[in-house]
Structure formats: structure tokens, C-alpha cells
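Each remark here refers to the structure printed beneath this line.
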Amino acid sequence: MSAVSTSPVIERGTATSRIAAIAVALIIALLAAAPQFLSAGAVDRMTALFIYVILAAMWNALAGFGGLVSVGQQVFFGLGAYFAIRLADAGLNPLLALFASGLIVGAVSWPLSLFMLRLRNGEFAIGMWVIAALTHLLVNLDRLVQGETGTSLISLNVYDAGTRRTTIYWLALVSMTALLAILFGLLRGSTGAAIRAIRDNEDAAASVGVRVTGTKRLLFVLAAFGIGIAGALWLATSITFQPKTYFNVQWTAYMIFMVLVGGIGTFEGAILGAVVFFLIETWFGGAGVWYLVGLGAIAVLFSLFLPRGLWGTIEERFGLRLLPVGYRVRLPGNPAAPADDGTAPSPQTTQHQEKA
Amino acid sequence: MTHPQQQAVLAAAGIHKRFGALVVLDAVDFTMSADEAVGIVGPNGAGKTTLLSVLSGAFPPSSGTVSFKGGDVTSLPATQRCRLGLVRTHQVPKPFSGMTTFENVFVAASHGAGLARDEAYEEALGSLKLCGMLGVANRRAETLGLLDRKRLELARALAARPTLLLLDEIGGGLTDGEAGELVDTIKELRRRKIGIVWIEHIVHILLQVAERLICMDAGKIIADGDPQTVMADPQVIHAYLGGGPK
């Protein structure tokens, strides 16, 4: 046992991460002011980017941190839009309806979690897809929706096009910022450590006192809420609601793409993946079917050659952590310790093993 | 110690465990007090790990009751038992492989022991230090070798602040030197008044700690008492060496 004169220190951030925090604040301030400088089309595109970031961050929290891989997250996206339509039809202010809808989606996901979280791994993934398909059919039965003909969030027309565009842009920006902040707070706290422990080994997590089901439920409901908000915002930007568009599995495919390319299980990765996806869509989205082929090819190449995604690779290679959720132990008299990511045994480690 | 029954911290009564038609535990009764160190030996398939799982709450017994600190915990899952102070380690280490060594132990300190952040840091660092793992605190658990994984099992269980620690072949697969180090750590736990139930095949290591020895065979306890007496018991020798029908 190594003799330690003074106690080791736990570090949560790094010098880089403190700079990153300031940079994040600056970027958000810039984005808030951006509609004054951007064209109408660009404002719409940026709104889409914010929605993509929400989707990627939520799927990453669920799968990358919590180990809950779902291919049915479009159910919450579709329900987010559907409840907004319903609430607006009942006379609620359409902008208010967007957030109320997110809350309802979260509330609906709670009873759903009671039986879905009993399923493990592949069963859960496919089970969620089944839930999404079923929900799609049920929503089609609503007279208001008129089957696949769909309907619109007509009441948004009380605002003129310019006001509507910037308002939705700001709402999307605020939603993204708030949801990312909530996620970051959750994942960085002791619940976040429990979430990752459950991902790595559920039985072991239970044996050291982690409330497995309750913790998974919290994450599941939060992800449903966030994706519900994203669906409602998407409805606000496109106005029309056709069930087959919103309950389409492509939404989950996009989430998976963004997270895999960006770096699963890293907070920064999901955001980076959303930006990459957004750029690809902006540049090549017009290429029709070849665009989809290209997306598929990129996903395959990443899973073969960069399984940890862009950010995972950067983090591994350069030890760079901008928004760290983990813990580093700094041992006294060994300032280099926090940088040791553990991939290569440090001299100290080797020495330790020799002693053993 | 005159009335061990009254001081019993852990008591299992009439434990049966069946997996389908297979009877793995057959009417096992087991009682121990908080300051005991009990070793469990027995041939493979005797039901040792199953007993430990029933005691720790990994799964419920088919029949019988388990009580801990005077309360019936038979229906309590492992999470709650851990929080009460009944903590186990796993025969095949189950690290949280994507997390660092420190984070592994921190989870136990903050959830198992229910400590607030700074206290959980202290507890986690204390456990790592005791198990000689401070040097690998920032390593991802998936990069650890077998000895360190075994140590991590122990460090993680300790950080949950157990009253009673259930060790499942913590020395299995290790060299004598490596296992000796673990024994030193476990002796330190004894000085801290942590009760221990230890399943181990390497008997000479087990006997450095165990004050009482139990031998299991075919789902039953066949001998229980002073280690020397148990090891000399003809039934125990028979169970280990076999040799035709009794």
C-alpha cells in the first residue's frame, strides 16, 4: 500500500473545461442574437439544428450513459407533436401547448416505463419500436388527425411569419440550452454515476446499493420529455402534422447516426454529432436517395474504424474534456495524474503492479 | 458470545433453493454474529455461491427466511440489503468497465453508504487506499488485470460501509503472493469490526482469517465449527476426496 502524506484531491473540471464553459455561454449569447443577422432560411435551419441537438443528447443520455438502446424514440417525437395539436385544438395558446405537450409526453412515458423497463437489451430496443408503431396507429384513429391526411397547428397563424420564425427559433434555443443543462447536471451528479454503473453492470450496481429501476425510470422519462419537446418544436416549424412523418423510425435512425458519429457516451459527442449531421444534411440533403445511402455508408465506416465516434477519439487521443461528467483523482506529488486517461499504464501504475 | 442466537446479525432459516427440478440449497440453517469471520468451503456445485446470493438478495430463496439485524429481509432486493449493511463481492468480478476505478468505488460510497458528495469522496479514497488501488484510481476498470479487478470488488463493497461483508472466492485465480495481500486487507477489516462470510477454495488462505468454518456439500451444511475440527471431519474429507458410496 502506497504511503500518502496528504490526501488526494477529486477534480471535476480541467483548465480547458473552464474555458469551454465560458465559450459555451458566449456561443449561446451569440445564437440568441443571431436572428437579427441571419436570413429567414438560415433561422429555420438553425432551429432544426437545435432540435437535432436535443434529439442526439437525449438518445445519447439514454443509450450512451444509461445503456438503454431504443429504436422507438420516435414515439415521443410523434406524441410531442400530437399532444400539441390536441392542446391547441382545445384552445390553449399554441406556443404554450408546445411545452405542455412535452410535459404530457413525460407523464405518459412514466406508466410506459413500468413495463418497458422490465425488458432488457434487444427486447427493450425492439419493444420500443413496437410501442411506436402501435401509438402511430392509435393516433391515426383520432378524428382530429384525419388518419394519414394529417392536420395543422392552425392557431400558430395568429402570429405573422417573421415573428413566428424568430419566436420558434428562440424557443428552440431556450429548450436546447435548458435540456442540455438539466442533462449535464444530472449526469455530472451522483445519479449520473449510478446511471453509468447500471449501464456497465446492472447486477453489480444493485449489489452496491444503486436503485436500478428508479434510476432507469428517471432517465427514460427525462428522455421522453426532451424528445417530446423536440417533436412539438418540429411541429411548430413545419406547421403540418402527418402521423407517418412524425412516427417514422427515421427519427431514431438520425438520433443513432448523430450519437455514433459524434461519440456515444460522451456529453460533447452528441452535440458534435448533431452538428455533423446538420452539415451533411445542409450540403447533401438535396441529393435524394444518394443522401440516405451516404448517411448509411458514413455510419458503417464510423462503426468500423472509429467506434468511439469523433469526440470519443479526440478525448482518447488528446485527453481533451470540455464538458466532463467524470471524476479524476489527483494524487499529491503527482500533478500528471489527472491527465492519465488509463489507456496506457502510467509509470506509477506499473510500479504499483510490480509491488503487488 | 454466550448467547450467539441473541446477537445474531444474520440468520437464514430453512433455506431451499430450486432451479427447476434441481435442488441447489436443501434446508440450510445458518446464523452468525456481527463480529465473526466465517469461512465456507465445499466442492464445486455444493451451493456456496447460491447461498451467498440468497443472503445478499441477488435472488429470493424458494422457501425459508433471511433476517438481518433483527428484521426479516427475505423479500428485500440486493439494493436495500446493501443499504442496510449487507454487502457482497462477486466470484467473477463485475466492474463498471466504462468507469474509472475511483468512479466504481464512488458509486458504492454515494449510493450504498448513502453519503453526501464530500463524505463519499473520503470514503471512496479510503477504500481505494486500503485496497492499494490509489495508483490506478483514474484507470478505466476495463483496463484492469485480474488482481486489480478482485481488489476493486473488495474496495467497492467496502465503500458501501458494510456491517457484514460476503466474499465470494475473492482469492480465486490469484497467486499465493497476490492472495496474501488480500488476506492482509481482510485482516484489517476484521480490526474494523466488519463481520465476514468468505467462500474460498484456497483453504490455507481462508484459515488465516476464518475463526469458524462451514463445509457444504450437495446443498447442505455438513460441518460447522472450529476450522481444525471441521477439516478433520470424516464427512468433509469424504466430500472433498469422494471415494465411493458412504
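In the C-alpha cells, chains take the letters A, B, ... in the order shown, each chain's residues start at 1, and ligands count up from 1 in the order shown.
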Taking 4 positions as the minimum chain separation for residues in the same chain, which residues sit within 12 Å of Ala160 in chain B when counting only C-alpha atoms? Answer as a PyMOL selection string.
(chain A and resi 205-210) or (chain B and resi 79-89+104-115+119-120+123-124+126-127+153-156+164-165)
Leaving out Leu144 in chain A and any residue of its chain fewer than 5 positions from it, which residues lie within 12 Å of it when counting only C-alpha atoms, given as a ChimeraX atom specification?
/A:82-83,85-90,139,149-153,241-243
From a DSSP calculation on the backbone, collect every residue of range 22-145 of chain B in alpha helix (DSSP H) and output the set as number ranges by chain.
B: 48-56, 78-84, 101-107, 117-130
Give me, as a ChimeraX atom specification, all polymer residues having an atom no more than 12 Å from Leu25 in chain B, counting only C-alpha atoms and skipping those fewer than 3 positions away in the same chain.
/B:12-19,21-22,28-29,45-54,60-64,216-221
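The gap separating CA of Arg18 in chain A from CA of Ala48 in chain A is 28.3 Å, in Å to one decimal.
With distances restricted to only C-alpha atoms, A:Val259 is the closest residue to Ala299 in chain A from A:Val259, A:Ile239, A:Ala197, A:Ile10.
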Which residues are close to His136 in chain A, i.e. within 8 Å by only C-alpha atoms, leaving aside same-chain residues fewer than 5 positions away? Reply as a CSV table (one decimal) with N, CA and C atoms, in the first residue's frame.
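Produced file selection_5.csv, reproduced below:
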```
chain,number,residue,atom,x,y,z
A,75,VAL,N,-41.6,7.5,-31.0
A,75,VAL,CA,-43.0,7.5,-30.3
A,75,VAL,C,-43.1,8.8,-29.5
A,78,GLY,N,-43.4,11.8,-32.0
A,78,GLY,CA,-44.7,11.9,-32.6
A,78,GLY,C,-45.7,12.4,-31.6
A,243,PRO,N,-49.1,11.9,-39.2
A,243,PRO,CA,-48.6,10.9,-38.3
A,243,PRO,C,-47.4,10.1,-38.8
A,244,LYS,N,-47.5,9.7,-40.1
A,244,LYS,CA,-46.4,8.8,-40.6
A,244,LYS,C,-45.1,9.6,-40.7
A,247,PHE,N,-44.1,9.7,-36.7
A,247,PHE,CA,-43.8,8.4,-36.0
A,247,PHE,C,-42.9,7.5,-36.9
```
At a cut-off of 10 Å, using only C-alpha atoms, what residues contact range 230-232 of chain B? Leave out same-chain residues fewer than 5 positions from it and give the result as a PyMOL selection string.
chain B and resi 41+203+212-215+222-225+237
With N, CA and C atoms kept, could you save the residues just selected as a PDB file, in the first residue's frame?
```
ATOM      1  N   VAL B  41     -16.401 -23.598   2.863  1.00  0.00           N
ATOM      2  CA  VAL B  41     -15.720 -24.425   1.867  1.00  0.00           C
ATOM      3  C   VAL B  41     -16.690 -25.499   1.379  1.00  0.00           C
ATOM      4  N   VAL B 203      -7.861 -23.109   0.915  1.00  0.00           N
ATOM      5  CA  VAL B 203      -8.188 -23.230   2.335  1.00  0.00           C
ATOM      6  C   VAL B 203      -7.141 -22.593   3.245  1.00  0.00           C
ATOM      7  N   ARG B 212     -14.284 -19.570  12.197  1.00  0.00           N
ATOM      8  CA  ARG B 212     -15.293 -20.628  12.186  1.00  0.00           C
ATOM      9  C   ARG B 212     -15.401 -21.096  10.740  1.00  0.00           C
ATOM     10  N   LEU B 213     -15.557 -22.381  10.560  1.00  0.00           N
ATOM     11  CA  LEU B 213     -15.574 -22.916   9.211  1.00  0.00           C
ATOM     12  C   LEU B 213     -16.837 -23.741   8.983  1.00  0.00           C
ATOM     13  N   ILE B 214     -17.418 -23.539   7.795  1.00  0.00           N
ATOM     14  CA  ILE B 214     -18.591 -24.309   7.413  1.00  0.00           C
ATOM     15  C   ILE B 214     -18.237 -25.079   6.157  1.00  0.00           C
ATOM     16  N   CYS B 215     -18.619 -26.357   6.102  1.00  0.00           N
ATOM     17  CA  CYS B 215     -18.407 -27.109   4.870  1.00  0.00           C
ATOM     18  C   CYS B 215     -19.766 -27.479   4.296  1.00  0.00           C
ATOM     19  N   ILE B 222     -22.663 -29.647   5.982  1.00  0.00           N
ATOM     20  CA  ILE B 222     -22.338 -30.959   6.557  1.00  0.00           C
ATOM     21  C   ILE B 222     -21.433 -30.850   7.775  1.00  0.00           C
ATOM     22  N   ALA B 223     -20.808 -29.657   7.945  1.00  0.00           N
ATOM     23  CA  ALA B 223     -19.990 -29.483   9.150  1.00  0.00           C
ATOM     24  C   ALA B 223     -19.909 -28.006   9.434  1.00  0.00           C
ATOM     25  N   ASP B 224     -19.842 -27.654  10.712  1.00  0.00           N
ATOM     26  CA  ASP B 224     -19.864 -26.255  11.108  1.00  0.00           C
ATOM     27  C   ASP B 224     -19.161 -26.148  12.455  1.00  0.00           C
ATOM     28  N   GLY B 225     -18.121 -25.348  12.551  1.00  0.00           N
ATOM     29  CA  GLY B 225     -17.472 -25.192  13.853  1.00  0.00           C
ATOM     30  C   GLY B 225     -16.040 -24.705  13.728  1.00  0.00           C
ATOM     31  N   ILE B 237     -13.863 -34.741   4.638  1.00  0.00           N
ATOM     32  CA  ILE B 237     -12.823 -35.409   3.851  1.00  0.00           C
ATOM     33  C   ILE B 237     -13.462 -36.211   2.729  1.00  0.00           C
TER      34      ILE B 237
END
```
With a distance cut-off of 8 Å and only C-alpha atoms, select the neighbouring residues of Val66 in chain B, excluding the residue or stretch itself and same-chain residues fewer than 4 positions from it, and output the selection as an mmCIF file with C-alpha atoms, in the first residue's frame.
```
data_model
loop_
_atom_site.group_PDB
_atom_site.id
_atom_site.type_symbol
_atom_site.label_atom_id
_atom_site.label_comp_id
_atom_site.auth_asym_id
_atom_site.auth_seq_id
_atom_site.Cartn_x
_atom_site.Cartn_y
_atom_site.Cartn_z
ATOM 1 C CA LEU B 10 -27.535 -12.573 10.074
ATOM 2 C CA ALA B 11 -29.792 -15.594 10.263
ATOM 3 C CA ALA B 12 -31.025 -17.851 7.495
ATOM 4 C CA ALA B 13 -33.630 -20.464 8.388
ATOM 5 C CA LEU B 55 -28.125 -13.999 1.712
ATOM 6 C CA ASP B 72 -36.878 -10.044 8.009
ATOM 7 C CA VAL B 73 -35.132 -9.184 4.736
ATOM 8 C CA THR B 74 -36.270 -12.215 2.719
#
```
Please measure the separation of CA of Trp110 in chain A and CA of Glu103 in chain B, giving the value in Å to one decimal.
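These two atoms are separated by 28.9 Å.
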Applying 7 Å and only C-alpha atoms, which residues near range 317-327 of chain A remain after dropping the ones on its own chain fewer than 5 positions away? List them as a PyMOL selection string.
(chain A and resi 10-13+16-17+20+187-188+267-268+339+341) or (chain B and resi 103)
DSSP strand (DSSP E or B) residues within range 65-119 of chain B, listed as a list in words
Thr65, Val66, Ser67, Phe68, Gly71, Asp72, Leu86, Val87, Arg88 and Thr100 of chain B
What does the distance from CA of Arg330 in chain A to CA of Thr14 in chain A come to in Å, to one decimal?
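If I compute the distance from CA of Arg330 in chain A to CA of Thr14 in chain A, I get 11.5 Å.
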Among the residues A:Leu79, A:Ala204, A:Leu306, A:Val300, the one that comes closest to Asn248 in chain A [using only C-alpha atoms]:
A:Leu79
